[in-house]
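Visitor: Got a structure for you, start19.txt, holding compact mmCIF, C-alpha atoms.
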```txt
# COMPACT_ATOMS: atom_id res chain seq x y z
CA MET A 1 12.74 37.73 -225.76
CA ILE A 2 14.02 40.40 -228.15
CA THR A 3 12.70 43.83 -227.22
CA PHE A 4 12.51 47.15 -229.08
CA SER A 5 11.93 50.62 -227.69
CA ARG A 6 9.68 53.12 -229.44
CA GLU A 7 12.66 55.38 -230.14
CA GLU A 8 14.60 52.47 -231.60
CA ILE A 9 11.77 51.50 -233.95
CA ARG A 10 11.57 55.13 -235.10
CA ASP A 11 15.32 55.24 -235.77
CA ILE A 12 15.22 51.94 -237.67
CA ILE A 13 12.39 53.15 -239.91
CA ILE A 14 14.10 56.50 -240.61
CA ALA A 15 17.46 54.83 -241.32
CA VAL A 16 16.00 52.23 -243.68
CA ILE A 17 13.92 54.79 -245.60
CA ALA A 18 16.89 57.16 -245.90
CA LEU A 19 19.25 54.37 -246.96
CA THR A 20 16.79 53.10 -249.55
CA ILE A 21 16.38 56.58 -251.08
CA LEU A 22 20.12 57.30 -251.01
CA TYR A 23 20.99 54.01 -252.71
CA SER A 24 18.31 54.61 -255.34
CA LEU A 25 19.86 58.00 -256.06
CA SER A 26 23.31 56.41 -256.20
CA VAL A 27 22.49 53.67 -258.73
CA THR A 28 20.42 55.95 -260.98
CA ARG A 29 22.98 58.80 -261.02
CA PRO A 30 24.97 57.49 -264.05
CA PHE A 31 21.79 57.36 -266.15
CA GLY A 32 20.47 60.76 -265.13
CA TRP A 33 18.03 61.20 -262.30
CA SER A 34 14.35 61.02 -263.14
CA LEU A 35 11.19 60.35 -261.16
CA ASP A 36 10.46 57.21 -263.18
CA SER A 37 13.88 55.64 -262.58
CA LEU A 38 13.79 56.60 -258.91
CA MET A 39 10.36 55.03 -258.41
CA LEU A 40 11.55 51.87 -260.16
CA PHE A 41 14.64 51.53 -257.96
CA LEU A 42 13.03 52.36 -254.61
CA PRO A 43 11.56 48.86 -254.03
CA ILE A 44 14.69 47.28 -255.53
CA SER A 45 16.90 49.29 -253.19
CA PHE A 46 14.74 48.45 -250.18
CA ILE A 47 15.14 44.72 -250.78
CA ALA A 48 18.79 44.84 -251.87
CA VAL A 49 20.13 47.37 -249.37
CA GLY A 50 17.57 48.30 -246.72
CA LEU A 51 16.92 44.72 -245.64
CA GLY A 52 20.62 43.82 -245.75
CA PHE A 53 21.50 46.75 -243.52
CA ILE A 54 18.76 46.35 -240.93
CA LEU A 55 19.15 42.55 -240.71
CA HIS A 56 22.89 43.13 -240.18
CA GLU A 57 22.15 45.42 -237.25
CA LEU A 58 19.46 43.10 -235.88
CA GLY A 59 22.04 40.31 -235.94
CA HIS A 60 24.14 42.34 -233.50
CA LYS A 61 21.09 43.19 -231.41
CA VAL A 62 19.75 39.65 -231.10
CA VAL A 63 23.09 38.14 -230.03
CA ALA A 64 23.75 40.99 -227.58
CA GLN A 65 20.36 40.53 -225.94
CA ARG A 66 20.89 36.76 -225.85
CA PHE A 67 23.98 37.48 -223.73
CA GLY A 68 21.80 39.57 -221.45
CA PHE A 69 23.00 43.01 -222.53
CA PHE A 70 20.99 46.15 -223.10
CA SER A 71 21.03 46.62 -226.88
CA GLU A 72 19.43 49.25 -229.12
CA PHE A 73 19.86 50.66 -232.62
CA ARG A 74 20.48 54.38 -232.96
CA ARG A 75 20.58 56.22 -236.25
CA TRP A 76 23.52 58.50 -237.07
CA ASP A 77 22.31 61.66 -238.81
CA TYR A 78 25.84 62.73 -239.76
CA GLY A 79 26.30 59.37 -241.46
CA LEU A 80 23.14 59.92 -243.49
CA ILE A 81 24.42 63.36 -244.51
CA LEU A 82 27.77 61.84 -245.52
CA GLY A 83 25.91 59.30 -247.62
CA LEU A 84 24.03 62.06 -249.40
CA LEU A 85 27.19 64.12 -250.00
CA SER A 86 29.09 61.09 -251.35
CA ILE A 87 26.59 60.28 -254.13
CA PRO A 88 27.73 63.00 -256.60
CA LEU A 89 31.30 61.64 -256.19
CA GLY A 90 30.31 58.28 -257.70
CA PHE A 91 30.10 56.16 -254.56
CA MET A 92 28.00 55.94 -251.41
CA ILE A 93 28.96 55.89 -247.74
CA PHE A 94 26.88 53.38 -245.75
CA ALA A 95 26.74 54.80 -242.21
CA PRO A 96 23.11 55.37 -241.19
CA GLY A 97 23.50 54.09 -237.63
CA ALA A 98 24.59 51.25 -235.40
CA VAL A 99 23.57 48.98 -232.53
CA TYR A 100 24.91 50.00 -229.13
CA PHE A 101 25.00 47.51 -226.27
CA GLY A 102 26.31 47.17 -222.74
CA SER A 103 25.46 46.38 -219.15
CA TYR A 104 25.53 48.20 -215.85
CA GLY A 105 26.36 44.98 -214.03
CA ARG A 106 29.44 43.62 -215.83
CA MET A 107 32.01 44.19 -218.55
CA VAL A 108 31.68 42.70 -222.02
CA THR A 109 34.27 39.94 -222.56
CA ASP A 110 36.31 39.63 -225.78
CA GLU A 111 34.40 36.45 -226.64
CA GLU A 112 31.01 38.08 -226.16
CA ASN A 113 32.10 41.17 -228.08
CA GLY A 114 33.49 39.01 -230.88
CA LYS A 115 30.35 36.91 -231.21
CA ILE A 116 28.09 39.97 -231.14
CA SER A 117 30.27 41.69 -233.74
CA ILE A 118 30.49 38.74 -236.13
CA ALA A 119 26.72 38.23 -236.12
CA GLY A 120 26.12 41.18 -238.48
CA PRO A 121 28.58 40.12 -241.21
CA ILE A 122 27.39 36.50 -240.92
CA VAL A 123 23.84 37.69 -241.66
CA ASN A 124 25.12 39.53 -244.76
CA ILE A 125 27.07 36.47 -245.92
CA ILE A 126 23.96 34.30 -245.60
CA LEU A 127 21.85 36.86 -247.48
CA ALA A 128 24.51 37.11 -250.22
CA ILE A 129 24.61 33.33 -250.67
CA ILE A 130 20.80 33.14 -250.80
CA ALA A 131 20.70 35.95 -253.40
CA LEU A 132 23.39 34.22 -255.49
CA PHE A 133 21.61 30.86 -255.31
CA LEU A 134 18.26 32.40 -256.32
CA THR A 135 19.91 34.31 -259.18
CA LEU A 136 21.54 31.16 -260.57
CA SER A 137 18.29 29.24 -260.15
CA LEU A 138 16.01 31.82 -261.76
CA ARG A 139 18.05 33.21 -264.64
CA SER A 140 17.45 30.10 -266.77
CA HIS A 141 13.74 30.98 -266.64
CA LEU A 142 14.28 34.36 -268.32
CA THR A 143 12.32 34.42 -271.59
CA LEU A 144 11.05 37.03 -274.01
CA GLU A 145 7.57 36.65 -272.55
CA ASN A 146 8.60 37.39 -268.94
CA ALA A 147 11.68 39.50 -269.66
CA GLY A 148 10.36 42.69 -268.01
CA MET A 149 9.41 41.35 -264.60
CA MET A 150 12.09 38.63 -264.50
CA TYR A 151 14.83 41.14 -265.26
CA ILE A 152 13.70 43.32 -262.33
CA VAL A 153 13.72 40.27 -260.04
CA LEU A 154 17.19 39.23 -261.21
CA LEU A 155 18.51 42.80 -260.93
CA THR A 156 17.23 42.98 -257.35
CA LEU A 157 18.92 39.67 -256.48
CA VAL A 158 22.21 40.65 -258.15
CA LEU A 159 22.30 43.96 -256.27
CA ALA A 160 21.45 42.13 -253.02
CA PHE A 161 24.33 39.72 -253.69
CA ASN A 162 26.73 42.58 -254.39
CA VAL A 163 25.68 44.81 -251.48
CA ASN A 164 25.54 42.09 -248.83
CA SER A 165 28.91 40.66 -249.89
CA PHE A 166 30.49 44.10 -249.71
CA LEU A 167 28.86 44.98 -246.37
CA ALA A 168 30.19 41.76 -244.86
CA LEU A 169 33.71 42.35 -246.19
CA PHE A 170 33.83 46.03 -245.26
CA ASN A 171 32.58 45.46 -241.72
CA LEU A 172 35.12 42.67 -241.23
CA LEU A 173 38.09 44.94 -241.92
CA PRO A 174 40.31 44.88 -238.78
CA ILE A 175 39.96 48.62 -238.24
CA PRO A 176 38.28 50.04 -235.11
CA PRO A 177 35.37 50.54 -234.67
CA LEU A 178 34.44 48.06 -237.44
CA ASP A 179 33.28 44.57 -236.47
CA GLY A 180 36.47 42.93 -237.71
CA SER A 181 38.62 44.59 -235.04
CA LYS A 182 36.54 42.90 -232.31
CA VAL A 183 36.26 39.53 -234.06
CA ILE A 184 40.01 39.26 -234.62
CA ARG A 185 40.63 40.02 -230.92
CA TRP A 186 38.31 37.15 -230.00
CA ASN A 187 39.24 34.38 -232.46
CA LEU A 188 41.77 34.72 -235.29
CA PRO A 189 40.94 31.47 -237.17
CA ILE A 190 37.20 32.26 -237.24
CA TYR A 191 38.00 35.81 -238.35
CA LEU A 192 40.22 34.60 -241.23
CA ILE A 193 37.63 32.09 -242.45
CA THR A 194 34.80 34.63 -242.30
CA ILE A 195 36.65 37.44 -244.06
CA ALA A 196 37.92 34.98 -246.69
CA VAL A 197 34.34 33.90 -247.48
CA ALA A 198 33.20 37.54 -247.60
CA GLY A 199 36.16 38.41 -249.84
CA ILE A 200 35.44 35.57 -252.27
CA LEU A 201 31.76 36.50 -252.49
CA THR A 202 32.61 40.17 -253.04
CA TYR A 203 35.13 39.28 -255.76
CA MET A 204 32.53 37.08 -257.46
CA SER A 205 29.92 39.86 -257.26
CA TYR A 206 32.20 42.21 -259.22
CA THR A 207 33.66 39.75 -261.73
CA ILE A 208 31.01 37.25 -262.85
CA THR A 209 28.11 38.09 -265.15
CA LEU A 210 24.83 36.97 -263.61
CA ILE A 211 22.30 38.65 -265.93
```
Give the structure from the file, written as structure tokens.

Guide:
Amino acid sequence: MITFSREEIRDIIIAVIALTILYSLSVTRPFGWSLDSLMLFLPISFIAVGLGFILHELGHKVVAQRFGFFSEFRRWDYGLILGLLSIPLGFMIFAPGAVYFGSYGRMVTDEENGKISIAGPIVNIILAIIALFLTLSLRSHLTLENAGMMYIVLLTLVLAFNVNSFLALFNLLPIPPLDGSKVIRWNLPIYLITIAVAGILTYMSYTITLI
């Protein structure tokens, strides 16, 4: 059974809200910030970024608890501040928090650490593929009559595809403390396949026109 503490739930809610607002500010910056544009992008950002981030972290948490480890998400306030400071520079730092796990009874093996670490990027890869599939399936239904709502739906899916692909690729970089450094220590072939898929999806998200 997957368990959550009250403090963990609080940190998850704060991190998701902050990340959603920060991403909304980031994507609307080139067009000039306004209340209308911010209100439009808040729900889009929540679906495209907030869900991708929290499901990534829950992937780590679920696998860690399945192995019998204590596992909780903790927000990182300095990471949220870095995200805010990075927006005027034209990019955004995604570092609102992380899942911490361990056990008082035994050490974490390389295999366990690798499987826990790869769970997050795998979740993002699955979300990216789902977003891409839905985009390709729905864009043929875009007409003049439904252009307003359908464009918002497609924009949300395209951003979800882009963000989840990038999150998977970034977290798979073989640089401590990123997930990739633990996955590569556990199983090199699985690492190479996973980062290749994430890389292809990220390349597609930046090079093909979906809407």

Visitor: Measuring atom to atom with all atoms listed in the file, identify which of A:Arg106, A:Arg139, A:Arg75, A:Lys115 is nearest to A:Ser181.

Guide: A:Lys115

Visitor: Find the residues around A:Arg29 up to 9 Å (all atoms listed in the file counted), leave out those fewer than 6 positions away in its own chain, and share them as a PyMOL selection string.

Guide: chain A and resi 87-88+90

Visitor: I want to know what sits within 9 Å of stretch 156-159 of chain A, based on all atoms listed in the file, with residues of the same chain fewer than 4 positions away left out; could you give that as a PDB file with C-alpha atoms, keeping the file's coordinate frame?

Guide:
```
ATOM      1  CA  PHE A  41      14.640  51.530-257.960  1.00  0.00           C
ATOM      2  CA  PRO A  43      11.560  48.860-254.030  1.00  0.00           C
ATOM      3  CA  ILE A  44      14.690  47.280-255.530  1.00  0.00           C
ATOM      4  CA  SER A  45      16.900  49.290-253.190  1.00  0.00           C
ATOM      5  CA  ILE A  47      15.140  44.720-250.780  1.00  0.00           C
ATOM      6  CA  ALA A  48      18.790  44.840-251.870  1.00  0.00           C
ATOM      7  CA  VAL A  49      20.130  47.370-249.370  1.00  0.00           C
ATOM      8  CA  ALA A 128      24.510  37.110-250.220  1.00  0.00           C
ATOM      9  CA  ILE A 130      20.800  33.140-250.800  1.00  0.00           C
ATOM     10  CA  ALA A 131      20.700  35.950-253.400  1.00  0.00           C
ATOM     11  CA  LEU A 132      23.390  34.220-255.490  1.00  0.00           C
ATOM     12  CA  LEU A 134      18.260  32.400-256.320  1.00  0.00           C
ATOM     13  CA  THR A 135      19.910  34.310-259.180  1.00  0.00           C
ATOM     14  CA  TYR A 151      14.830  41.140-265.260  1.00  0.00           C
ATOM     15  CA  ILE A 152      13.700  43.320-262.330  1.00  0.00           C
ATOM     16  CA  VAL A 163      25.680  44.810-251.480  1.00  0.00           C
ATOM     17  CA  ASN A 164      25.540  42.090-248.830  1.00  0.00           C
ATOM     18  CA  SER A 205      29.920  39.860-257.260  1.00  0.00           C
ATOM     19  CA  LEU A 210      24.830  36.970-263.610  1.00  0.00           C
ATOM     20  CA  ILE A 211      22.300  38.650-265.930  1.00  0.00           C
TER      21      ILE A 211
END
```

Visitor: Do a neighbour search on stretch 50-57 of chain A at 6 Å with all atoms listed in the file, toss out local chain neighbours closer than 2 positions, and write the hits as a PyMOL selection string.

Guide: chain A and resi 16+20+46-47+59-60+120+123

Visitor: Could you turn the residues from that selection into a file that holds C-alpha atoms, as a tab-separated table (two decimals), keeping the file's coordinate frame?

Guide:
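That gives us out_28.tsv:
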```
chain	number	residue	atom	x	y	z
A	16	VAL	CA	16.00	52.23	-243.68
A	20	THR	CA	16.79	53.10	-249.55
A	46	PHE	CA	14.74	48.45	-250.18
A	47	ILE	CA	15.14	44.72	-250.78
A	59	GLY	CA	22.04	40.31	-235.94
A	60	HIS	CA	24.14	42.34	-233.50
A	120	GLY	CA	26.12	41.18	-238.48
A	123	VAL	CA	23.84	37.69	-241.66
```

Visitor: Given the choices A:Pro176, A:Ile125, A:Lys182, A:Gly32, which gets closest to A:Ala196 if the distance is worked out from all atoms listed in the file?

Guide: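 Using all atoms listed in the file, the shortest distance to A:Ala196 belongs to A:Ile125.
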
Visitor: Between A:Tyr100, A:Tyr23, A:Phe73, A:Trp33, which one has atoms that come closest to A:Glu8, using only C-alpha atoms?

Guide: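 Closest candidate: A:Phe73.
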
Visitor: Under the rule that all atoms listed in the file are counted, which of A:Ile126, A:Gly114, A:Leu136, A:Glu72 is the nearest residue to A:Leu201?

Guide: A:Ile126

Visitor: Could you tell me which of A:Tyr78, A:Phe166, A:Phe69, A:Phe94 comes closest to A:Asn113 if we count only C-alpha atoms?

Guide: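 Closest to A:Asn113, using only C-alpha atoms: A:Phe69.
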
Visitor: Work out how far apart atom CA of A:Leu89 and atom CA of A:Phe31 are and give it in Å to one decimal.

Guide: 14.4 Å

Visitor: Would you work out the distance separating atom CA of A:Val197 from atom CA of A:Ser117, expressed in Å to one decimal?

Guide: 16.3 Å

Visitor: From the set A:Leu84, A:Ile175, A:Met107, A:Leu127, which residue has the shortest atom-to-atom contact distance to A:Asn162, counting only C-alpha atoms?

Guide: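 Distance minimum relative to A:Asn162 lands on A:Leu127.
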
Visitor: Which residues are close to A:Ile184, i.e. within 10 Å by all atoms listed in the file, leaving aside same-chain residues fewer than 3 positions away? Reply as a VMD selection string.

Guide: chain A and resid 110 114 118 172 to 174 179 to 181 187 to 192

Visitor: Hey, can you check how far atom CA of A:Arg66 sits from atom CA of A:Tyr104?

Guide: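 Interatomic distance, atom CA of A:Arg66 to atom CA of A:Tyr104: 15.9 Å.
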
Visitor: Write out as a PyMOL selection string the residues lying within 9 Å of A:Ser103, counting all atoms listed in the file and excluding same-chain residues fewer than 5 positions away.

Guide: chain A and resi 68-71+108

Visitor: Writing all heavy atoms and nothing else, produce stretch 33-49 of chain A as a short mmCIF file (atom, residue, chain, number, x, y, z; two decimals), in the first residue's frame.

Guide:
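As a result, out28.cif now contains:
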```cif
data_model
loop_
_atom_site.label_atom_id
_atom_site.label_comp_id
_atom_site.auth_asym_id
_atom_site.auth_seq_id
_atom_site.Cartn_x
_atom_site.Cartn_y
_atom_site.Cartn_z
N TRP A 33 3.69 39.75 -20.25
CA TRP A 33 2.83 39.21 -19.20
C TRP A 33 1.53 40.00 -19.07
O TRP A 33 1.54 41.24 -19.09
CB TRP A 33 3.55 39.22 -17.86
CG TRP A 33 4.62 38.17 -17.77
CD1 TRP A 33 4.52 36.87 -18.11
CD2 TRP A 33 5.96 38.36 -17.30
NE1 TRP A 33 5.70 36.20 -17.89
CE2 TRP A 33 6.60 37.09 -17.39
CE3 TRP A 33 6.67 39.44 -16.81
CZ2 TRP A 33 7.92 36.90 -17.00
CZ3 TRP A 33 7.99 39.25 -16.43
CH2 TRP A 33 8.60 38.00 -16.52
N SER A 34 0.44 39.29 -18.95
CA SER A 34 -0.85 39.91 -18.69
C SER A 34 -1.68 38.92 -17.88
O SER A 34 -1.45 37.70 -17.92
CB SER A 34 -1.58 40.27 -19.99
OG SER A 34 -2.01 39.10 -20.66
N LEU A 35 -2.66 39.43 -17.16
CA LEU A 35 -3.51 38.57 -16.34
C LEU A 35 -4.29 37.59 -17.22
O LEU A 35 -4.45 36.42 -16.86
CB LEU A 35 -4.47 39.42 -15.52
CG LEU A 35 -5.40 38.66 -14.56
CD1 LEU A 35 -4.57 37.85 -13.55
CD2 LEU A 35 -6.33 39.62 -13.85
N ASP A 36 -4.75 38.06 -18.38
CA ASP A 36 -5.54 37.19 -19.26
C ASP A 36 -4.71 36.02 -19.77
O ASP A 36 -5.17 34.87 -19.76
CB ASP A 36 -6.07 37.99 -20.45
CG ASP A 36 -7.18 38.95 -20.05
OD1 ASP A 36 -7.76 38.74 -18.96
OD2 ASP A 36 -7.45 39.90 -20.81
N SER A 37 -3.48 36.30 -20.24
CA SER A 37 -2.64 35.22 -20.75
C SER A 37 -2.23 34.26 -19.64
O SER A 37 -2.16 33.04 -19.84
CB SER A 37 -1.40 35.80 -21.44
OG SER A 37 -0.59 36.52 -20.53
N LEU A 38 -1.98 34.81 -18.46
CA LEU A 38 -1.59 33.96 -17.33
C LEU A 38 -2.75 33.04 -16.94
O LEU A 38 -2.54 31.84 -16.71
CB LEU A 38 -1.19 34.83 -16.14
CG LEU A 38 -0.67 34.07 -14.90
CD1 LEU A 38 0.57 33.26 -15.23
CD2 LEU A 38 -0.39 35.05 -13.76
N MET A 39 -3.96 33.56 -16.88
CA MET A 39 -5.12 32.74 -16.52
C MET A 39 -5.39 31.68 -17.57
O MET A 39 -5.86 30.58 -17.25
CB MET A 39 -6.36 33.63 -16.33
CG MET A 39 -6.26 34.59 -15.16
SD MET A 39 -5.88 33.77 -13.58
CE MET A 39 -7.37 32.78 -13.37
N LEU A 40 -5.11 31.98 -18.83
CA LEU A 40 -5.29 31.00 -19.90
C LEU A 40 -4.30 29.86 -19.75
O LEU A 40 -4.65 28.68 -19.93
CB LEU A 40 -5.11 31.68 -21.27
CG LEU A 40 -5.07 30.73 -22.48
CD1 LEU A 40 -6.40 30.01 -22.65
CD2 LEU A 40 -4.70 31.50 -23.74
N PHE A 41 -3.04 30.19 -19.41
CA PHE A 41 -1.98 29.17 -19.39
C PHE A 41 -1.89 28.41 -18.08
O PHE A 41 -1.20 27.38 -18.02
CB PHE A 41 -0.63 29.80 -19.72
CG PHE A 41 -0.34 29.82 -21.18
CD1 PHE A 41 -0.66 30.92 -21.96
CD2 PHE A 41 0.24 28.73 -21.80
CE1 PHE A 41 -0.40 30.95 -23.31
CE2 PHE A 41 0.50 28.73 -23.16
CZ PHE A 41 0.18 29.83 -23.93
N LEU A 42 -2.54 28.87 -17.02
CA LEU A 42 -2.47 28.15 -15.75
C LEU A 42 -2.99 26.71 -15.86
O LEU A 42 -2.29 25.76 -15.47
CB LEU A 42 -3.20 28.92 -14.66
CG LEU A 42 -2.42 30.09 -14.04
CD1 LEU A 42 -3.32 30.84 -13.05
CD2 LEU A 42 -1.16 29.60 -13.33
N PRO A 43 -4.21 26.50 -16.39
CA PRO A 43 -4.67 25.10 -16.52
C PRO A 43 -3.85 24.31 -17.54
O PRO A 43 -3.63 23.11 -17.36
CB PRO A 43 -6.13 25.24 -16.97
CG PRO A 43 -6.24 26.62 -17.53
CD PRO A 43 -5.27 27.45 -16.78
N ILE A 44 -3.38 24.98 -18.60
CA ILE A 44 -2.54 24.31 -19.59
C ILE A 44 -1.24 23.85 -18.94
O ILE A 44 -0.78 22.72 -19.13
CB ILE A 44 -2.25 25.25 -20.78
CG1 ILE A 44 -3.54 25.55 -21.55
CG2 ILE A 44 -1.20 24.64 -21.71
CD1 ILE A 44 -3.37 26.56 -22.66
N SER A 45 -0.65 24.74 -18.16
CA SER A 45 0.62 24.43 -17.50
C SER A 45 0.46 23.33 -16.46
O SER A 45 1.35 22.49 -16.28
CB SER A 45 1.20 25.69 -16.84
OG SER A 45 1.47 26.68 -17.80
N PHE A 46 -0.67 23.32 -15.77
CA PHE A 46 -0.91 22.28 -14.78
C PHE A 46 -0.92 20.90 -15.43
O PHE A 46 -0.30 19.95 -14.94
CB PHE A 46 -2.23 22.52 -14.05
CG PHE A 46 -2.62 21.39 -13.14
CD1 PHE A 46 -1.95 21.17 -11.94
CD2 PHE A 46 -3.64 20.52 -13.51
CE1 PHE A 46 -2.29 20.12 -11.11
CE2 PHE A 46 -3.99 19.46 -12.68
CZ PHE A 46 -3.31 19.26 -11.48
N ILE A 47 -1.62 20.79 -16.56
CA ILE A 47 -1.71 19.50 -17.25
C ILE A 47 -0.38 19.14 -17.90
O ILE A 47 0.10 18.00 -17.80
CB ILE A 47 -2.83 19.54 -18.30
CG1 ILE A 47 -4.19 19.72 -17.62
CG2 ILE A 47 -2.83 18.26 -19.14
CD1 ILE A 47 -5.35 19.95 -18.57
N ALA A 48 0.24 20.11 -18.56
CA ALA A 48 1.46 19.84 -19.32
C ALA A 48 2.69 19.63 -18.45
O ALA A 48 3.55 18.81 -18.75
CB ALA A 48 1.72 20.99 -20.31
N VAL A 49 2.77 20.39 -17.35
CA VAL A 49 4.00 20.38 -16.54
C VAL A 49 3.76 19.82 -15.14
O VAL A 49 4.49 18.95 -14.68
CB VAL A 49 4.59 21.80 -16.43
CG1 VAL A 49 5.89 21.78 -15.66
CG2 VAL A 49 4.79 22.40 -17.80
#
```
